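S.K.: My questions all concern the structure below.
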2 protein chains.
Amino acid sequence: MLLSLGLRRTAQLRGHHTAIIEPGRRLSWAEVEDRVSRFASALRVLGVRTGDRVAVMADNAGWHIEAYFAIPWAGAAIAPVNTRWALPEIVDGLNDCEPRVMIVDDAHLDLLPGVLAGAPSIEIVISTGATPDGAHDLETLIAQARPMPPEPVPHDQLAGIFYTGGTTGRSKGVMLSQRNLYMHSLMMITEDMFYPDSVGLHVAPMFHLADVGTVMGVTMSGGSHVCLPRFEPEATLKAIQDHGVTEVYLVSTMLRAVLDHPNFDQYDLRSLRSMIYGASPIAEALLVRALEKIPTAGFMQRYGMTETTGFFCLLKPQYQFVGGAKLRSAGQPIHGMDVRIVDENGDEVPRGAVGEVAVSGPTLMLGYWRRPEETAQAIRGGRMFTGDLAHMDEDGFVFVADRLKDMIISGGENIYSGEVENALYRHPAVAQCAVIGIPSEKWGEAVHAVIVPRFGEDISQAALDQHCRSLIAAYKCPKSYEFRTEPLPLTGAGKVRKYSLREPYWKAAE
Amino acid sequence: MLLSLGLRRTAQLRGHHTAIIEPGRRLSWAEVEDRVSRFASALRVLGVRTGDRVAVMADNAGWHIEAYFAIPWAGAAIAPVNTRWALPEIVDGLNDCEPRVMIVDDAHLDLLPGVLAGAPSIEIVISTGATPDGAHDLETLIAQARPMPPEPVPHDQLAGIFYTGGTTGRSKGVMLSQRNLYMHSLMMITEDMFYPDSVGLHVAPMFHLADVGTVMGVTMSGGSHVCLPRFEPEATLKAIQDHGVTEVYLVSTMLRAVLDHPNFDQYDLRSLRSMIYGASPIAEALLVRALEKIPTAGFMQRYGMTETTGFFCLLKPQYQFVGGAKLRSAGQPIHGMDVRIVDENGDEVPRGAVGEVAVSGPTLMLGYWRRPEETAQAIRGGRMFTGDLAHMDEDGFVFVADRLKDMIISGGENIYSGEVENALYRHPAVAQCAVIGIPSEKWGEAVHAVIVPRFGEDISQAALDQHCRSLIAAYKCPKSYEFRTEPLPLTGAGKVRKYSLREPYWKAAE
C-alpha cells in the first residue's frame with residue numbers, strides 16, 4: 001500500500017495545490033486522489049484482481065500518471081507498453097506478462113486490432129479517447145465508480161512490469177514492487193531532486209522508467225506535473241516558460257535538440273532548477289553549450305538500470321562544470337544503495353581498480369517475470385550484478401569503463417546487440433554479423449552492423465534495413481552498415497571479438 | 001542489513017570526514033566503519049548469535065554510537081537501559097528482554113552488582129573503563145578482533161528493544177527492526193533535518209529514542225557527531241561554539257536551562273541551523289525568548305512515539321513564530337507516514353473534527369516484546385492507535401487535544417499515571433489515589449498526586465515520596481501532593497474522573 005500512502009499524504013497536505021497540468025485541464029491533488037480511487041474501483045468492478053496485470057499503451061497524459069497509482073491502488077500491476085516497439089515485439093511482451101486489461105489512447109488505436117489478435121489474454125479494453133466497439137471509456141468509468149480504499153496488499157506486492165532488452169531475442173520483464181517504486185521516490189527526495197514547489201515536466205515517454213521517476217518523485221513531494229504527449233523541442237521550451245517548470249528529465253539527444261532549436265532564445269527558462277539527464281556521461285561540448293545557454297539550471301546525471309528501479313548513482317550539479325575532475329564519472333551512490341566494485345568472485349576490489357558494479361538496496365527488483373534462472377544469474381547473494389565495468393575513486397564516485405553485457409545506449413534507449421543480431425540472422429543472405437555501438441554526436445552511441453554475406457549472395461543496405469524494421473523497433477535498427485568478405489575475428493571462446501571491431505571507431509573519436 | 005548498508009555508504013563516500021568528536025578523541029568514518037565491524041566480530045566471537053539482545057547501560061559516548069551499529073551488524077538487537085530508572089525497574093526490564101551481554105561504562109559500574117544479581121540472563125559483561133573481575137574491556141576486544149562483513153539478516157530483523165512506560169506496572173519493550181530505524185533516518189533526511197555538513201550534538205540521553213534519531217540521521221547523512229556524556233547547560237553552550245554544532249535536540253526543559261544560564265551571552269551559537277525539540281508544544285513565552293536569543297536557528301518540533309520509531313509529524317521552522325496559526329500544532333505528517341484522525345470504528349473523521357490519531361507506515365514497530373495481546377490492541381489493521389486525541393486542519397497540521405492513555409509528559413519523559421498510582425497503592429496508608437499532570441513552567445507537565453488516606457491514618461508527603469523513590473525512577477515520583485478526605489469522583493465505568501481533577505489546574509494556567 002506504499003504508493004497509495006504516498007499519494008494520500010500529498011492529497012492530505014496539499015489538497016488544493018495543482019497536481020496535474022495538461023492541455024485543457026488542471027487538477028488538484030484532492031481531485032487526483034479522488035479520481036485514482038475511482039479509477040481503481042472501476043478496475044476492480046471490471047474484474048481486475050490482486051496480482052493481475054493491466055497494460056497501458058499510450059502517450060504521456062494526466063490519466064497516464066493516475067494509472068501509475070490507480071493500478072497498484074487496486075492491487076494490480078501496470079505493464080507499460082513501449083510504443084516505440086514494432087508490433088511483433090509488443091505482442092511478444094504482452095504474451096509474456098499476460099495482462100487482462102489494456103488501456104489505450106487515440107494515438108495508438110491503430111495498433112489495437114493487431115494487439116488483440118496476437119495477445120489473447122486481454123479480455124477488457126479501456127480507451128481514453130474514441131471508444132472502439134466493446135471498449136470502455138475511461139472518463140465514464142471514473143465518473144461512475146465509487147471511490148474505494150487502497151487494496152490492502154503487502155509492500156512487496158508487484159506494482160509494475162517494465163521490459164528491458166534481452167541479450168537473446170526476447171525482452172525480459174523486470175518486476176518492481178510498490179516498495180521499490182516508493183523507496184526510489186523517497187531516495188530522490190533525500191537527494192534534493194524534488195520539493196513541494198517542484199513543477200516537473202514530462203517529455204520523456206512515460207512507459208520508460210526514466211520518466212516514471214518523475215511521476216513518483218513529483219507526486220510524493222507534492223509538486224505539480226506538466227504533461228506533453230511526446231517530446232517536441234519547441235513545445236518543451238514553451239512548456240518550461242509557460243508553467244514555470246523547475247525539473248525536467250531529458251536524454252542527451254533531447255537536450256541537444258532543445259539547444260539547437262532556432263527559437264531557443266525566444267523562451268525564458270529561468271524557472272529551471274534541475275536539468276536531469278541519464279543513460280551516458282554528457283559530451284563535454286554539449287555540456288559547455290548547455291551551461292552557457294541555461295545558466296540558472298543545475299545539471300544532474302543519473303546512472304542506473306531498470307533492475308534497480310532506475311538510478312543508483314547521481315552526479316550532482318556542483319560537479320558539473322567544464323574540466324571538473326568528477327565530470328566523467330556517473331556520480332556517487334545515492335541514499336539507500338550499496339554500490340561495490342567487485343572481482344569475478346564477488347569480492348570488493350581496492351579503490352581505483354576496475355571491476356564489475358554490484359548493487360544492493362531496497363530498490364532491487366523482485367526479479368525477472370517468469371524467468372527464475374535469469375533472475376538467479378543477475379541477483380546473487382542479494383546483489384544485482386550490473387554487467388558494467390567501472391572503478392570507484394576515493395570519494396565514492398563511480399567511473400564506468402565498459403559494459404560487460406553487449407549493450408548499446410543510443411538516444412537514451414538500451415539496445416542489446418544480440419537482439420539486433422538475431423533479427424539480422426533471420427535474413428537468408430547473412431552469413432555472419434556483429435552489432436556494435438559506435439560514437440555518434442547525435443545519439444551518444446549509434447547502432448552499427450558489420451555483415452559478412454553468404455558466399456555469392458548480393459545484399460543491399462536498404463533490404464537489410466527493411467528486414468530489420470519488420471521485426472524490431474526502428475530505434476534498434478542499425479544506423480550504418482559495413483560489409484566484409486573475411487570472417488569476423490573470434491575470441492578464444494569462439495565469440496566475435498567485438499572489442500577489435502569497436503576500437504577503430506572510438507580511437508578516431510578521441 | 002540496512003543499518004550497516006547506511007554506515008558503509010557513508011564510510012565509502014566520506015571516509016576521511018570526521019565522524020565522531022568526543023573529549024580526547026576524534027574518529028573518521030573509515031575508522032568508525034572499521035571499529036564497528038571489529039566490535040560486531042568481537043560480539044560474535046564471545047558467542048552472540050543472531051537475534052540475541054545486548055544491553056547497554058551508559059552515558060553518551062562515541063562507542064555508544066558505534067554500539068547502535070555494531071550490535072545490528074552482528075545480527076543482534078541493542079537493549080538500551082534507561083539509566084534514570086531505579087534498580088528494581090532496570091532489573092525488571094532486563095528480565096523482560098533477557099540480554100546475554102551487558103555493556104557498561106564507569107558511570108554505571110555501581111549498578112552492576114545489583115543488575116547481575118537480579119538478571120541471570122547476563123552471561124557476559126563488557127566494560128568501557130575500569131574492568132571488573134570477569135568483564136571484557138571493549139577497546140581491547142575491538143583492537144584484537146578481525147573485521148567481519150555485516151551478518152546477512154533480513155531488513156525486518158530486530159535491531160533494538162526500547163522500553164516505554166506501561167499503563168500497568170511494567171514497561172513494555174518496543175521492538176524496532178533495522179528497517180524501522182533506517183527508514184526513520186531516511187525520512188529525517190527527506191525532511192531536511194540532516195545534511196552531509198551536519199554537526200549533531202548529543203546531549204539528550206542516548207538510551208532514549210529521541211537521541212537515537214540523531215545517532216541515525218547524522219550517520220546516514222555523513223555528518224559529524226559531537227558527544228557530551230550528559231546534559232549540562234554550559235557544556236552544551238561550549239560544545240555548540242567549539243565544534244560549530246549545526247543540529248541539536250533538546251527537550252523544552254533543557255532549552256530553558258540553556259537560555260537561563262548566566263553565561264549564555266558569552267557563547268557564539270551562530271553555527272546552529274536547527275534547534276529540534278519534542279514531547280510537547282513549546283510554551284509561547286519560551287519560544288519568544290529562544291527566537292530572540294538564538295535568532296539564526298530554525299526551530300523544529302517533533303511529535304511521535306517509541307512505537308513509530310520516533311516522530312511521525314514535524315512542525316518546520318517556517319511555522320515557528322510568535323502568533324503563528326500553526327504554532328500550537330504538532331506539525332504535518334512526514335514523508336512515508338499515513339496519519340489519520342479516526343473515530344471509535346477506525347473510520348476517518350471530517351477535517352477539523354477531533355478523533356484518535358492512527359498512524360501507519362514503514363516505521364511502525366514490529367510489536368511489543370513478548371506481548372502479543374498488547375501488540376494486537378495497539379496495532380489494528382496495520383495502524384498504530386496512538387491514544388492521542390487530535391484534530392487535523394485543512395493543510396494536514398495535527399493539533400493534539402488530549403491523551404486517551406493516561407500519560408504525563410514531564411521534562412521530555414513519558415510517565416504513565418497508572419505506574420505511579422501502582423507505587424502509591426503499595427503504601428499501606430493509601431486508600432485511594434489518582435496521579436495527573438498539572439502545568440509546570442519548568443517541566444511542561446508536573447506529576448501531581450491526589451491522595452485519600454485510609455480512615456484514621458496519618459500520612460506525610462515526605463514518607464510517600466521516600467516510598468515512591470524506592471520503587472520507581474525519581475522523575476516519575478509526584479512533584480506535589482494533595483490530600484482529600486472525600487472519595488474521588490468516578491466515571492460511569494467506575495474509574496476516577498481525572499478530567500475533573502485536572503481541570504482547575506489547567507484553567508488557572510490559561
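If you're wondering about the labels, chains in the C-alpha cells are A, B, ... by order shown, residues count from 1 in each chain, ligands from 1 in order shown.
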With DSSP run on the backbone, what are the strand (DSSP E) residues within range 128-194 of chain B? I'd like them as a list of chain:residue names.
M.R.: B:His136, B:Asp137, B:Leu158, B:Ala159, B:Gly160, B:Ile161, B:Phe162, B:Tyr163, B:Thr164, B:Lys172, B:Gly173, B:Val174, B:Met175, B:Leu176, B:Ser177
S.K.: For the selection just defined, write its residues with C-alpha atoms to a file, as a tab-separated table (two decimals), in the first residue's frame.
M.R.:
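Listed below is the output, selection.tsv:
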```
chain	number	residue	atom	x	y	z
B	136	HIS	CA	35.97	-7.81	28.98
B	137	ASP	CA	37.48	-4.47	28.04
B	158	LEU	CA	15.01	-6.97	15.30
B	159	ALA	CA	17.57	-4.18	15.83
B	160	GLY	CA	16.58	-2.78	19.20
B	161	ILE	CA	14.19	-3.04	22.13
B	162	PHE	CA	13.20	0.30	23.62
B	163	TYR	CA	11.19	0.40	26.82
B	164	THR	CA	8.21	2.66	27.13
B	172	LYS	CA	6.69	-2.60	27.52
B	173	GLY	CA	9.59	-3.39	25.17
B	174	VAL	CA	9.03	-1.79	21.77
B	175	MET	CA	10.66	-3.95	19.09
B	176	LEU	CA	12.17	-1.90	16.28
B	177	SER	CA	13.64	-3.50	13.18
```
S.K.: Compile the residues of chain A that lie within 10 Å of chain B, evaluated using only C-alpha atoms, and express the compilation as a ChimeraX atom specification.
M.R.: /A:1-16,152,155,179,182-183,186-192,194-195,220-221,332-340,351,360-362,381-382,392-397
S.K.: With C-alpha atoms kept, could you save the residues just selected as a short mmCIF file (atom, residue, chain, number, x, y, z; two decimals), in the first residue's frame?
M.R.:
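out_30.cif was written with the following content:
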```cif
data_model
loop_
_atom_site.label_atom_id
_atom_site.label_comp_id
_atom_site.auth_asym_id
_atom_site.auth_seq_id
_atom_site.Cartn_x
_atom_site.Cartn_y
_atom_site.Cartn_z
CA MET A 1 0.00 0.00 0.00
CA LEU A 2 3.05 2.27 -0.02
CA LEU A 3 2.24 4.00 -3.32
CA SER A 4 -1.26 4.93 -2.20
CA LEU A 5 0.15 6.00 1.16
CA GLY A 6 2.42 8.50 -0.60
CA LEU A 7 -0.33 9.84 -2.84
CA ARG A 8 -2.78 10.13 0.04
CA ARG A 9 -0.27 12.03 2.17
CA THR A 10 0.24 14.50 -0.65
CA ALA A 11 -3.53 14.95 -1.04
CA GLN A 12 -3.84 15.36 2.73
CA LEU A 13 -1.22 18.10 3.00
CA ARG A 14 -1.65 19.77 -0.38
CA GLY A 15 -5.22 19.00 -1.43
CA HIS A 16 -5.80 22.39 -3.09
CA PRO A 152 -4.52 -3.86 1.45
CA HIS A 155 4.64 -3.57 0.50
CA ARG A 179 8.26 -0.76 -2.10
CA TYR A 182 8.18 4.13 -3.30
CA MET A 183 11.70 3.82 -1.92
CA LEU A 186 11.93 8.76 -1.26
CA MET A 187 15.60 8.48 -2.22
CA MET A 188 15.19 11.09 -4.94
CA ILE A 189 13.78 13.44 -2.33
CA THR A 190 16.71 12.75 0.02
CA GLU A 191 18.97 13.72 -2.88
CA ASP A 192 17.21 17.10 -3.22
CA PHE A 194 12.10 17.22 -5.86
CA TYR A 195 10.41 19.66 -3.49
CA MET A 220 5.48 12.14 -3.34
CA SER A 221 6.88 15.63 -2.84
CA GLN A 332 28.08 8.74 -6.17
CA PRO A 333 25.77 6.08 -4.71
CA ILE A 334 22.52 7.66 -3.55
CA HIS A 335 20.97 7.13 -0.12
CA GLY A 336 19.87 3.57 0.50
CA MET A 337 22.10 1.96 -2.10
CA ASP A 338 25.17 -0.16 -1.54
CA VAL A 339 27.33 0.03 -4.66
CA ARG A 340 30.52 -2.04 -4.78
CA ARG A 351 39.63 1.65 -4.69
CA SER A 360 22.11 -3.85 -3.37
CA GLY A 361 19.44 -1.89 -1.56
CA PRO A 362 15.67 -1.56 -1.21
CA GLY A 381 23.70 -13.02 -2.66
CA GLY A 382 21.22 -10.16 -2.61
CA MET A 392 35.43 3.94 -7.85
CA ASP A 393 37.56 6.82 -6.64
CA GLU A 394 38.40 7.80 -3.06
CA ASP A 395 35.22 9.86 -2.72
CA GLY A 396 32.92 7.09 -3.92
CA PHE A 397 32.47 8.38 -7.48
#
```
S.K.: Residues of range 246-495 of chain A in helix (DSSP H, G or I) according to DSSP, as a PyMOL selection string?
M.R.: chain A and resi 252-260+264-266+284-293+306-308+317-319+372-378+417-425+461-469+474-476
S.K.: Measure the distance from CA of Tyr267 in chain B to CA of Thr296 in chain B in Å and round it to one decimal.
M.R.: 13.6 Å
S.K.: Could you pull the residues within 12 Å of Glu419 in chain A, counting only C-alpha atoms, minus those fewer than 6 positions along the same chain, as a count of residues only?
M.R.: 27
S.K.: Report as a PyMOL selection string all protein, DNA and RNA residues lying within 9 Å of Thr246 in chain B, evaluated on only C-alpha atoms, omitting residues in the same chain fewer than 5 positions from it.
M.R.: chain B and resi 197-201+240+270-275+297
S.K.: Please provide as an NGL selection string all residues within 10 Å of range 71-76 of chain B, with the sequence filter that same-chain residues fewer than 2 positions apart are discarded (counting only C-alpha atoms).
M.R.: :B and (1-5 or 36-44 or 48-55 or 66-69 or 78-79 or 148-154 or 157-160 or 177-178)
S.K.: Would you pick out the contacts of Leu501 in chain B at 10 Å or less, using only C-alpha atoms, so that residues sharing its chain but fewer than 5 positions from it are not included, and give the list as JSON, numbers by chain?
M.R.: {"B": [434, 435, 436, 437, 438, 450, 488, 489, 496, 506]}
S.K.: To one decimal place, how far is CA of Thr253 in chain B from CA of Ile451 in chain B in Å?
M.R.: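 Between these atoms lies a distance of 27.4 Å.
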S.K.: Please identify all polymer residues within 12 Å of Thr386 in chain A, counting only C-alpha atoms, omitting same-chain residues fewer than 3 positions from it, and present them as an MDAnalysis selection string.
M.R.: chainID A and resid 303:308 311:312 339:342 355:360 364 377:380 383 389:390 400 402:407
S.K.: Calculated over only C-alpha atoms, which of the candidates A:Val56, A:Ala376, A:Ala61, A:Ala423 has the smallest distance to Val226 in chain A?
M.R.: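 Using only C-alpha atoms, Val226 in chain A sits closest to A:Ala61.
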